[in-house]
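Structure data follow from upload23.pdb (PDB, C-alpha atoms, pLDDT in the B column):
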ATOM      1  CA  MET A   1       0.000   0.000   0.000  1.00 78.00           C
ATOM      2  CA  SER A   2       1.430   3.345  -1.054  1.00 91.00           C
ATOM      3  CA  THR A   3       1.659   6.345   1.232  1.00 95.00           C
ATOM      4  CA  THR A   4      -0.483   9.412   0.593  1.00 95.00           C
ATOM      5  CA  ARG A   5       2.633  11.268  -0.564  1.00 96.00           C
ATOM      6  CA  GLU A   6       3.587   8.551  -3.090  1.00 97.00           C
ATOM      7  CA  THR A   7       0.019   8.195  -4.364  1.00 97.00           C
ATOM      8  CA  ILE A   8      -0.184  11.944  -5.012  1.00 98.00           C
ATOM      9  CA  LEU A   9       3.237  12.152  -6.697  1.00 98.00           C
ATOM     10  CA  THR A  10       2.342   9.190  -8.924  1.00 98.00           C
ATOM     11  CA  ALA A  11      -0.973  10.849  -9.832  1.00 98.00           C
ATOM     12  CA  LEU A  12       0.861  14.069 -10.702  1.00 98.00           C
ATOM     13  CA  ALA A  13       3.294  12.170 -12.950  1.00 98.00           C
ATOM     14  CA  ASP A  14       0.354  10.398 -14.625  1.00 98.00           C
ATOM     15  CA  LEU A  15      -1.401  13.731 -15.174  1.00 98.00           C
ATOM     16  CA  LEU A  16       1.730  15.208 -16.772  1.00 98.00           C
ATOM     17  CA  ARG A  17       1.991  12.145 -19.037  1.00 98.00           C
ATOM     18  CA  THR A  18      -1.241  13.244 -20.717  1.00 98.00           C
ATOM     19  CA  ILE A  19       0.806  15.902 -22.530  1.00 98.00           C
ATOM     20  CA  PRO A  20       1.457  14.243 -25.906  1.00 96.00           C
ATOM     21  CA  HIS A  21       4.965  13.457 -27.184  1.00 96.00           C
ATOM     22  CA  VAL A  22       6.767  14.739 -24.064  1.00 97.00           C
ATOM     23  CA  PRO A  23       8.207  11.987 -21.852  1.00 97.00           C
ATOM     24  CA  VAL A  24       7.827  12.308 -18.092  1.00 98.00           C
ATOM     25  CA  GLN A  25      10.433  10.623 -15.924  1.00 97.00           C
ATOM     26  CA  ARG A  26      10.346  10.349 -12.174  1.00 97.00           C
ATOM     27  CA  GLY A  27      13.549  10.969 -10.245  1.00 94.00           C
ATOM     28  CA  GLU A  28      15.802  10.004 -13.153  1.00 95.00           C
ATOM     29  CA  VAL A  29      19.154  11.444 -14.172  1.00 94.00           C
ATOM     30  CA  LEU A  30      19.157  13.842 -17.111  1.00 89.00           C
ATOM     31  CA  PRO A  31      19.670  11.681 -20.222  1.00 90.00           C
ATOM     32  CA  GLU A  32      22.294  12.412 -22.855  1.00 86.00           C
ATOM     33  CA  ARG A  33      19.640  13.065 -25.494  1.00 89.00           C
ATOM     34  CA  ILE A  34      16.599  15.286 -25.113  1.00 93.00           C
ATOM     35  CA  PRO A  35      13.557  14.260 -27.192  1.00 94.00           C
ATOM     36  CA  PRO A  36      12.522  16.808 -29.879  1.00 92.00           C
ATOM     37  CA  ALA A  37       9.343  17.818 -28.004  1.00 94.00           C
ATOM     38  CA  GLY A  38      11.196  18.227 -24.706  1.00 96.00           C
ATOM     39  CA  LEU A  39      11.439  16.289 -21.464  1.00 97.00           C
ATOM     40  CA  MET A  40      10.028  16.525 -17.940  1.00 98.00           C
ATOM     41  CA  ILE A  41      11.621  15.000 -14.855  1.00 98.00           C
ATOM     42  CA  LEU A  42       9.491  15.008 -11.710  1.00 98.00           C
ATOM     43  CA  ARG A  43      11.475  15.187  -8.465  1.00 98.00           C
ATOM     44  CA  ASP A  44       9.782  14.340  -5.164  1.00 97.00           C
ATOM     45  CA  GLY A  45      10.821  17.619  -3.577  1.00 96.00           C
ATOM     46  CA  SER A  46       9.983  18.310   0.047  1.00 96.00           C
ATOM     47  CA  PRO A  47       6.729  18.020   1.983  1.00 95.00           C
ATOM     48  CA  GLY A  48       7.939  20.698   4.381  1.00 94.00           C
ATOM     49  CA  GLU A  49       6.771  21.107   7.953  1.00 96.00           C
ATOM     50  CA  PRO A  50       3.073  20.212   8.268  1.00 96.00           C
ATOM     51  CA  ALA A  51       0.406  22.198  10.006  1.00 97.00           C
ATOM     52  CA  VAL A  52      -1.179  19.925  12.610  1.00 96.00           C
ATOM     53  CA  THR A  53      -4.761  19.879  13.783  1.00 95.00           C
ATOM     54  CA  LEU A  54      -5.990  17.852  16.744  1.00 94.00           C
ATOM     55  CA  SER A  55      -9.232  15.986  17.257  1.00 88.00           C
ATOM     56  CA  PRO A  56      -9.060  14.318  14.853  1.00 91.00           C
ATOM     57  CA  LEU A  57      -5.303  14.344  14.383  1.00 95.00           C
ATOM     58  CA  ALA A  58      -4.368  15.487  10.874  1.00 96.00           C
ATOM     59  CA  TYR A  59      -1.195  16.693   9.183  1.00 97.00           C
ATOM     60  CA  HIS A  60      -1.675  19.326   6.466  1.00 97.00           C
ATOM     61  CA  TYR A  61       1.163  19.584   3.955  1.00 97.00           C
ATOM     62  CA  GLN A  62       2.162  22.079   1.306  1.00 97.00           C
ATOM     63  CA  HIS A  63       4.452  19.653  -0.486  1.00 98.00           C
ATOM     64  CA  ARG A  64       6.803  21.341  -2.958  1.00 98.00           C
ATOM     65  CA  ALA A  65       7.563  18.917  -5.788  1.00 98.00           C
ATOM     66  CA  GLU A  66       9.981  20.003  -8.502  1.00 98.00           C
ATOM     67  CA  LEU A  67       9.409  19.491 -12.196  1.00 98.00           C
ATOM     68  CA  GLU A  68      12.463  19.875 -14.400  1.00 97.00           C
ATOM     69  CA  VAL A  69      11.380  21.094 -17.824  1.00 98.00           C
ATOM     70  CA  ILE A  70      13.978  20.761 -20.588  1.00 97.00           C
ATOM     71  CA  VAL A  71      13.923  21.544 -24.313  1.00 97.00           C
ATOM     72  CA  GLN A  72      16.798  21.406 -26.782  1.00 95.00           C
ATOM     73  CA  SER A  73      16.553  22.907 -30.214  1.00 91.00           C
ATOM     74  CA  SER A  74      18.542  25.024 -32.609  1.00 87.00           C
ATOM     75  CA  ARG A  75      15.317  26.686 -33.823  1.00 88.00           C
ATOM     76  CA  ASP A  76      12.712  28.451 -31.676  1.00 90.00           C
ATOM     77  CA  ARG A  77      13.920  26.994 -28.373  1.00 93.00           C
ATOM     78  CA  ASP A  78      12.170  29.812 -26.497  1.00 94.00           C
ATOM     79  CA  GLY A  79       8.873  29.133 -28.267  1.00 95.00           C
ATOM     80  CA  LEU A  80       9.095  25.386 -27.576  1.00 96.00           C
ATOM     81  CA  PHE A  81       9.828  26.018 -23.901  1.00 97.00           C
ATOM     82  CA  ASP A  82       6.983  28.509 -23.610  1.00 97.00           C
ATOM     83  CA  ALA A  83       4.521  26.167 -25.309  1.00 96.00           C
ATOM     84  CA  LEU A  84       5.522  23.265 -23.051  1.00 97.00           C
ATOM     85  CA  THR A  85       5.156  25.276 -19.833  1.00 97.00           C
ATOM     86  CA  ALA A  86       1.763  26.556 -21.049  1.00 97.00           C
ATOM     87  CA  ARG A  87       0.619  22.953 -21.667  1.00 98.00           C
ATOM     88  CA  ILE A  88       1.804  21.974 -18.176  1.00 98.00           C
ATOM     89  CA  GLY A  89      -0.213  24.827 -16.718  1.00 98.00           C
ATOM     90  CA  ALA A  90      -3.296  23.811 -18.703  1.00 98.00           C
ATOM     91  CA  VAL A  91      -3.171  20.153 -17.586  1.00 98.00           C
ATOM     92  CA  ILE A  92      -2.747  21.144 -13.934  1.00 98.00           C
ATOM     93  CA  ALA A  93      -5.581  23.689 -14.186  1.00 98.00           C
ATOM     94  CA  ALA A  94      -7.846  20.994 -15.646  1.00 98.00           C
ATOM     95  CA  ASP A  95      -7.443  18.762 -12.565  1.00 98.00           C
ATOM     96  CA  ARG A  96      -6.501  20.844  -9.513  1.00 97.00           C
ATOM     97  CA  THR A  97      -7.279  18.010  -7.078  1.00 98.00           C
ATOM     98  CA  LEU A  98      -5.668  15.092  -8.946  1.00 98.00           C
ATOM     99  CA  ARG A  99      -9.053  13.360  -9.061  1.00 97.00           C
ATOM    100  CA  GLY A 100      -9.765  14.095  -5.416  1.00 97.00           C
ATOM    101  CA  LEU A 101      -6.420  12.884  -3.998  1.00 97.00           C
ATOM    102  CA  CYS A 102      -5.200  16.408  -3.225  1.00 96.00           C
ATOM    103  CA  ASP A 103      -6.865  19.504  -1.793  1.00 97.00           C
ATOM    104  CA  TRP A 104      -5.199  21.747  -4.388  1.00 98.00           C
ATOM    105  CA  VAL A 105      -2.375  21.680  -6.932  1.00 98.00           C
ATOM    106  CA  GLU A 106      -0.694  24.789  -8.275  1.00 97.00           C
ATOM    107  CA  ALA A 107       2.439  25.443 -10.275  1.00 97.00           C
ATOM    108  CA  GLU A 108       4.763  28.377  -9.699  1.00 97.00           C
ATOM    109  CA  ALA A 109       6.475  30.328 -12.464  1.00 95.00           C
ATOM    110  CA  PRO A 110       9.683  28.807 -13.807  1.00 94.00           C
ATOM    111  CA  GLU A 111      13.032  30.594 -13.868  1.00 93.00           C
ATOM    112  CA  PRO A 112      14.504  29.366 -17.165  1.00 95.00           C
ATOM    113  CA  VAL A 113      18.193  29.240 -18.006  1.00 95.00           C
ATOM    114  CA  ASP A 114      19.924  28.702 -21.340  1.00 93.00           C
ATOM    115  CA  LEU A 115      22.690  26.108 -21.261  1.00 91.00           C
ATOM    116  CA  PRO A 116      25.190  25.820 -24.110  1.00 90.00           C
ATOM    117  CA  VAL A 117      26.080  22.323 -25.276  1.00 88.00           C
ATOM    118  CA  GLU A 118      29.344  21.818 -27.114  1.00 88.00           C
ATOM    119  CA  GLY A 119      28.692  20.450 -30.595  1.00 86.00           C
ATOM    120  CA  ALA A 120      24.887  20.449 -30.229  1.00 88.00           C
ATOM    121  CA  ALA A 121      21.893  22.744 -29.914  1.00 89.00           C
ATOM    122  CA  SER A 122      21.562  24.699 -26.677  1.00 91.00           C
ATOM    123  CA  ILE A 123      19.248  23.608 -23.897  1.00 95.00           C
ATOM    124  CA  LYS A 124      16.612  25.744 -22.235  1.00 96.00           C
ATOM    125  CA  ALA A 125      15.648  24.368 -18.833  1.00 97.00           C
ATOM    126  CA  ALA A 126      13.906  25.361 -15.636  1.00 97.00           C
ATOM    127  CA  ILE A 127      12.718  23.918 -12.383  1.00 97.00           C
ATOM    128  CA  LEU A 128       8.992  24.450 -12.162  1.00 97.00           C
ATOM    129  CA  PRO A 129       7.835  24.134  -8.533  1.00 98.00           C
ATOM    130  CA  VAL A 130       4.503  22.363  -8.098  1.00 98.00           C
ATOM    131  CA  LEU A 131       2.751  22.857  -4.747  1.00 98.00           C
ATOM    132  CA  LEU A 132       0.629  19.947  -3.585  1.00 98.00           C
ATOM    133  CA  HIS A 133      -1.752  20.758  -0.744  1.00 98.00           C
ATOM    134  CA  TYR A 134      -2.975  17.619   1.041  1.00 97.00           C
ATOM    135  CA  GLY A 135      -3.694  16.161   4.438  1.00 96.00           C
ATOM    136  CA  THR A 136      -2.994  12.807   6.058  1.00 95.00           C
ATOM    137  CA  ASN A 137      -3.606  11.145   9.438  1.00 94.00           C
ATOM    138  CA  ASP A 138       0.016  10.024   9.765  1.00 92.00           C
ATOM    139  CA  PRO A 139       3.166  11.653   8.351  1.00 90.00           C
ATOM    140  CA  LEU A 140       4.507   8.200   7.403  1.00 91.00           C
ATOM    141  CA  ALA A 141       1.305   6.852   5.874  1.00 84.00           C
TER     142      ALA A 141
END
Since I need it in another form, could you write the structure as structure tokens?
Amino acid sequence: MSTTRETILTALADLLRTIPHVPVQRGEVLPERIPPAGLMILRDGSPGEPAVTLSPLAYHYQHRAELEVIVQSSRDRDGLFDALTARIGAVIAADRTLRGLCDWVEAEAPEPVDLPVEGAASIKAAILPVLLHYGTNDPLA
């Protein structure tokens, strides 16, 4: 049986996989080749310190997952990156509760960087924080 945290992170990865042609990896190392449509790598991030309510006991998290968004192209790299982040925003906005698993999901604005690659097209990448608001009866469950 998966923990609440793992169930929610898996649901987020599954939601992101609905974006066509863009692979979503979970906790993987950056591969040597970036697919033409781009790549997303979901990192577990940190659940942070929970707010606790008593009677009944509940832990309320604002879990900050990190989504690495990477595109590599010699033509219109900025446009590809912008289109991909817009599609991420649209999929999250379409299911803010991950089918009822989460209280609320919201993405923060990315801070993109351009990375030169010797002998290949440059990479545009950013970490896009995704806040997952959820509660659980046990921080380890």
Excluding Tyr59 in chain A and any residue of its chain fewer than 5 positions from it, enumerate the residues within 8 Å of it, using all atoms listed in the file, and give them as a CSV table (one decimal) with C-alpha atoms, in the frame of the given file.
chain,number,residue,atom,x,y,z
A,50,PRO,CA,3.1,20.2,8.3
A,51,ALA,CA,0.4,22.2,10.0
A,52,VAL,CA,-1.2,19.9,12.6
A,53,THR,CA,-4.8,19.9,13.8
A,135,GLY,CA,-3.7,16.2,4.4
A,136,THR,CA,-3.0,12.8,6.1
A,137,ASN,CA,-3.6,11.1,9.4
A,138,ASP,CA,0.0,10.0,9.8
A,139,PRO,CA,3.2,11.7,8.4
The PyMOL selection byres ((chain A and resi 21-27) around 9) on the file shown: which residues, as a PyMOL selection string? chain A and resi 10+13-14+16-20+28-29+35-44+84
Coordinates-based distance that separates CA of Asp82 in chain A from CA of Glu118 in chain A (Å, one decimal):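 Between CA of Glu118 in chain A and CA of Asp82 in chain A the gap is 23.6 Å.
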Nearby residues (all atoms listed in the file) at most 12 Å from Leu98 in chain A, same-chain spacing under 2 positions excluded, as a list in words: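 Close residues of Leu98 in chain A: Thr7, Ile8, Leu9, Thr10, Ala11, Leu12, Ala13, Asp14, Leu15, Leu16, Val91, Ile92, Ala93, Ala94, Asp95, Arg96, Gly100, Leu101, Cys102, Asp103, Trp104, Val105, Glu106, Leu132, His133 and Tyr134 of chain A.
For the pair CA of Gly89 in chain A and CA of Val130 in chain A, the interatomic distance is 10.1 Å.
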Please work out which residues fall within 7 Å of (5.6, 20.1, -14.7), coordinates as given in the file, with only C-alpha atoms counting, and return them as a PyMOL selection string. chain A and resi 16+40+67-69+88+128
Rank nothing, just name the residue among A:Glu32, A:Glu111, A:Glu6, A:Asp76 nearest to His63 in chain A, using all atoms listed in the file.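 With all atoms listed in the file as the atom set, the closest residue is A:Glu6.
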To one decimal in Å, tell me the separation between CA of Leu57 in chain A and CA of Thr97 in chain A.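 Answer for the CA of Leu57 in chain A to CA of Thr97 in chain A separation: 21.9 Å.
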With the PyMOL selection byres ((chain A and resi 48) around 8) as the selection, what would be picked from this file? Answer as a VMD selection string, please. chain A and resid 46 to 47 49 to 50 61 to 64
Ranking A:Leu30, A:Leu54, A:Ile70, A:Ala65 by minimum distance to Ser122 in chain A and counting all atoms listed in the file, which one comes first?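 Looking at the shortest contact to Ser122 in chain A, the residue is A:Ile70.
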Check the smallest atom-to-atom distance from each of A:Pro116, A:Leu140, A:Ala83, A:Gln72 to Arg33 in chain A using only C-alpha atoms, then report the winner. A:Gln72
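For the set A:Pro112, A:Pro129, A:Gly119, A:Pro56, the residue with the smallest atom-to-atom gap to Arg77 in chain A is A:Pro112, counting only C-alpha atoms.
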Taking only C-alpha atoms into account, which of A:Ala58, A:Ala86, A:Ile34, A:Ala107 comes nearest Ala120 in chain A?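 Checking each of A:Ala58, A:Ala86, A:Ile34, A:Ala107 against Ala120 in chain A, counting only C-alpha atoms, the winner is A:Ile34.
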If the PyMOL selection byres ((chain A and resi 113) around 6) were run on this exact file, what residues would it hold? Put them as a ChimeraX atom specification. /A:112,114,124-125
